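Enquirer: First, the structure itself, so that you have it in front of you.
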2 protein chains.
Amino acid sequence: MSIGLAANADRNVALESPPEFLDAVTALRALASDDLEAVNAQIITQMQSPVGLIPDLAGHLINAGGKRIRPVLTLITARMFHYDGDNHIKLAAAVELIHGATLLHDDVVDDSALRRGSETANVIWGNKESVLVGDFLFSRAFELMVAAEDLRVLQVLSRASGIIAQGEVLQLATQKNIKTTFEQYLDVVDAKTAALFAAAAQSGALIANCKTEQQEAMRSYGRNLGIAYQLIDDALDYAGFEENLGKTVGDDFREGKMTLPVIYAIARARPEEKDFWRRVIADGRQNEDDFAHALQLMERDNAIADTVACARQFAATALNDLAKAPSNDYSAALSDLVETSVSRAS
Amino acid sequence: MSIGLAANADRNVALESPPEFLDAVTALRALASDDLEAVNAQIITQMQSPVGLIPDLAGHLINAGGKRIRPVLTLITARMFHYDGDNHIKLAAAVELIHGATLLHDDVVDDSALRRGSETANVIWGNKESVLVGDFLFSRAFELMVAAEDLRVLQVLSRASGIIAQGEVLQLATQKNIKTTFEQYLDVVDAKTAALFAAAAQSGALIANCKTEQQEAMRSYGRNLGIAYQLIDDALDYAGFEENLGKTVGDDFREGKMTLPVIYAIARARPEEKDFWRRVIADGRQNEDDFAHALQLMERDNAIADTVACARQFAATALNDLAKAPSNDYSAALSDLVETSVSRAS
């Protein structure tokens with residue numbers, strides 16, 4: 001693996017246009033294509049409202065080309081365990097609506113201007129509107145879950161929603177705090193990202209009524225996949241290329257987010273470099289050259305490479321979890337998803 | 001009834017310290033006192049989080065001395081229909097948590113600085129924090145509802161949450177729009193306030209398993225009480241006194257909110273006065289004397305008096321709805337609540 005300024009030209013291909021990962025997502029979606037179409041229809045139905053701003057703003061987000069990985073996890077997991085009802089459609093749509101609601105609030109909280117290559121809803125319509133439409137989508141997600149009439153799944157998904165919000169608050173507290181530890185960072189990722197991946201996969205297993213041990217294994221699979229996925233995202237925020245990433249590279253740096261690449265870099269910095277990190281992260285005083293300098297330090301100290309290595313460990317655990325599921329096309333596709341999600345940065 | 005600048009001295013007593021209303025709320029709370037204590041304990045449990053900011057911020061809101069009218073509605077309605085389980089505690093706590101979450105987001109959306117006589121959470125902790133802790137409370141409300149294991153109630157309350165958010169978005173669209181009609185205003189109040197009152201009362205009836213007709217009557221009771229309550233609040237925002245109201249009088253005016261007193265005043269304004277309303281509401285350009293001038297016009301044209309009269313009509317319908325409930329101490333207290341809630345402004 002080679003990540004860094006020196007490998008810039010190669011990285012452009014290896015990091016941002018990972019055909020294997022996109023292929024794996026495409027394969028997963030193909031396996032669930034009818035289901036996914038039904039999910040999309042359900043999402044569009046739920047966005048409707050006589051208040052025109054709501055479908056406009058929600059549609060802008062929902063149609064912006066997200067990969068739908070979370071709802072696909074619910075669909076594929078249910079099918080993998082031979083579920084043959086149709087409640088997985090409602091639950092998968094609810095999972096994507098919860099995700100959409102958190103994205104709207106996230107972009108307000110982070111003052112983000114760009115998501116998936118488009119202007120964010122808060123830039124186009126305003127912060128107030130994004131907050132309220134997020135609340136609307138969140139409520140609609142719950143209405144859908146209730147319609148699926150499974151209290152166990154309702155419990156899993158409502159719990160996940162609370163944990164996500166908690167993770168976002170925790171992230172506010174770590175922001176610009178250069179003393180943030182690996183453990184604190186992992187707590188944030190666990191709550192902010194992995195909780196919904198875990199709940200999405202567990203929900204599919206739950207409605208399929210597989211063994212408790214398998215439900216737990218799928219929860220663990222989702223969690224570990226989610227952490228690996230987020231770690232790679234955080235690496236790409238330093239080592240990625242904008243046109244392929246659909247967001248602004250260096251956003252995390254500019255916002256002073258304490259992600260793993262920065263945590264490693266600060267831990268390994270020479271004494272005279274500590275002032276640099278304090279100025280750019282804690283004080284938020286950044287010059288034009290600071291991002292490039294940060295990348296150089298990260299390259300020298302393997303901060304990004306080791307973030308990717310850490311992601312690989314969680315990916316390996318996810319593959320272990322999958323061993324408890326039946327062997328079929330669905331589990332094979334879930335396995336490919338794990339492997340290629342970390343190969344995004346290899 | 002006499003409301004206006006001329007009756008200032010009397011109004012101070014009649015409008016803001018309505019002993020009958022406070023007595024009625026006190027009587028309701030006394031009828032449900034053990035239950036209410038259990039509800040408060042449940043709310044405190046749900047606010048807990050290892051992320052310290054969450055209980056701090058949520059506690060500031062929850063402990064700020066709200067009257068707990070919504071959860072009391074759930075408790076009293078359940079008891080009125082002879083419910084003897086304990087799920088009404090969880091549901092009442094969930095109702096208050098939903099209300100708390102919407103208040104946190106409301107204050108962000110309205111840039112409010114004062115609520116119930118204290119600084120708002122967004123002023124003390126910040127907008128981002130208020131949005132995220134609101135999301136957390138909302139999720140916790142759902143966890144509690146799920147724990148009550150009644151899908152019908154889950155449906156009623158999740159639907160109400162969506163309607164509240166929709167009402168808030170609709171209100172954004174009417175803000176500063178001097179063409180807002182009575183019907184549009186009522187749509188906002190119906191969604192923003194009455195939906196949760198309706199769902200709170202219906203939930204109590206639902207878990208008590210009373211007749212469908214009675215469940216619908218309690219839903220209607222809650223809705224009509226909620227509308228009456230909000231109309232009086234909107235009147236008080238013009239004719240009230242700060243120290244007793246716990247919020248800044250004239251807030252709605254300064255924010256250009258199209259509440260019923262303004263809608264009446266604009267509809268009845270003389271041609272040469274239209275420019276005044278356009279300037280202060282639509283353009284938001286206000287001078288020091290404008291609020292007093294607006295009050296004078298409202299007094300002359302009975303804009304506030306007729307808002308109160310409109311509230312009385314909804315209150316009368318609420319009393320009709322109550323006729324479908326059993327006659328006991330609980331229904332008597334719910335009847336007093338309606339009568340005194342409009343006498344706040346008599």
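Going through the structure tokens in order, the chains are called A, B, and so on, while each chain numbers its residues from 1 and the ligands are numbered from 1 in the order shown.
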Pull the helix (DSSP H, G or I) assignments for segment 229-285 of chain A out of DSSP run on the backbone, and list those residues as a PyMOL selection string.

Expert: chain A and resi 229-239+242-245+251-254+260-268+271-282

Enquirer: Can you check which parts of chain A lie within 10 Å of chain B? Per residue, the shortest pair of atoms and distance in Å to one decimal, counting only C-alpha atoms, sorted by chain and number, as a tab-separated table.

Expert:
residue	atom	partner	partner_atom	distance
A:Ser49	CA	B:Gln166	CA	7.8
A:Pro50	CA	B:Gln166	CA	8.8
A:Val51	CA	B:Leu170	CA	6.3
A:Gly52	CA	B:Leu170	CA	9.0
A:Leu53	CA	B:Val169	CA	7.7
A:Ile54	CA	B:Val169	CA	7.7
A:Ala101	CA	B:Asp135	CA	9.7
A:Thr102	CA	B:Asp135	CA	8.9
A:His105	CA	B:Val131	CA	7.4
A:Asp106	CA	B:Leu132	CA	8.9
A:Val108	CA	B:Lys128	CA	7.6
A:Val109	CA	B:Lys128	CA	5.1
A:Asp110	CA	B:Lys128	CA	8.4
A:Asp111	CA	B:Lys128	CA	9.8
A:Asn127	CA	B:Val109	CA	8.1
A:Lys128	CA	B:Val109	CA	5.1
A:Glu129	CA	B:Val169	CA	6.7
A:Ser130	CA	B:Val169	CA	9.6
A:Val131	CA	B:Val131	CA	7.4
A:Leu132	CA	B:Ala165	CA	5.7
A:Val133	CA	B:Ala165	CA	6.9
A:Gly134	CA	B:Ala165	CA	8.6
A:Asp135	CA	B:Ala165	CA	5.9
A:Phe136	CA	B:Gly162	CA	5.0
A:Leu137	CA	B:Gly162	CA	7.6
A:Phe138	CA	B:Gly162	CA	7.8
A:Ser139	CA	B:Gly162	CA	4.8
A:Arg140	CA	B:Gly162	CA	6.1
A:Ala141	CA	B:Ser158	CA	8.9
A:Phe142	CA	B:Ser158	CA	6.0
A:Glu143	CA	B:Ser158	CA	5.6
A:Leu144	CA	B:Gln155	CA	9.2
A:Met145	CA	B:Gln155	CA	9.4
A:Val146	CA	B:Gln155	CA	6.2
A:Ala147	CA	B:Gln155	CA	7.8
A:Ala148	CA	B:Leu151	CA	9.9
A:Glu149	CA	B:Leu151	CA	6.9
A:Asp150	CA	B:Leu151	CA	8.8
A:Leu151	CA	B:Val146	CA	6.6
A:Arg152	CA	B:Val146	CA	8.7
A:Val153	CA	B:Val146	CA	9.7
A:Leu154	CA	B:Val146	CA	6.6
A:Gln155	CA	B:Val146	CA	6.2
A:Val156	CA	B:Glu143	CA	8.9
A:Leu157	CA	B:Glu143	CA	8.9
A:Ser158	CA	B:Glu143	CA	5.6
A:Arg159	CA	B:Glu143	CA	6.3
A:Ala160	CA	B:Ser139	CA	8.4
A:Ser161	CA	B:Ser139	CA	5.7
A:Gly162	CA	B:Ser139	CA	4.8
A:Ile163	CA	B:Phe136	CA	7.7
A:Ile164	CA	B:Phe136	CA	8.1
A:Ala165	CA	B:Phe136	CA	5.1
A:Gln166	CA	B:Phe136	CA	6.4
A:Gly167	CA	B:Val51	CA	8.6
A:Glu168	CA	B:Leu132	CA	6.9
A:Val169	CA	B:Leu132	CA	6.3
A:Leu170	CA	B:Val51	CA	6.3
A:Leu172	CA	B:Glu129	CA	8.0
A:Ala173	CA	B:Leu53	CA	8.7

Enquirer: Which is closer to Glu299 of chain A than all the others in A:Arg278, A:Arg268, A:Arg254, A:Arg312, using only C-alpha atoms?

Expert: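 Among A:Arg278, A:Arg268, A:Arg254, A:Arg312, it is A:Arg268 that comes nearest to Glu299 of chain A.
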
Enquirer: Running DSSP on the backbone, which parts of segment 1-191 of chain B land in strand (DSSP E or B), as a list in words?

Expert: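 Matching residues, listed in order: Leu114, Arg115, Ser118 and Glu119 of chain B.
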
Enquirer: Do you have the atom CA of Leu114 of chain A-atom CA of Ala235 of chain A distance handy?

Expert: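 Interatomic distance, atom CA of Leu114 of chain A to atom CA of Ala235 of chain A: 18.1 Å.
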
Enquirer: If we count only C-alpha atoms, what is near segment 198-202 of chain B at a cut-off of 9 Å, once residues fewer than 6 positions away on the same chain are taken out, given as JSON, numbers by chain?

Expert: {"B": [70, 71, 72, 73, 74, 75, 76, 77, 78, 91, 92, 95, 153, 156, 157, 159, 160, 214, 215, 216, 217, 218, 219, 220, 221, 222, 223, 224, 225, 226]}

Enquirer: Any idea what the distance is between atom CA of Ala30 of chain B and atom CA of Thr340 of chain B?

Expert: 16.4 Å

Enquirer: Just the number, please: distance in Å from atom CA of Gly59 of chain A to atom CA of Met47 of chain A, one decimal.

Expert: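 One can read the atom CA of Gly59 of chain A to atom CA of Met47 of chain A distance as 7.4 Å.
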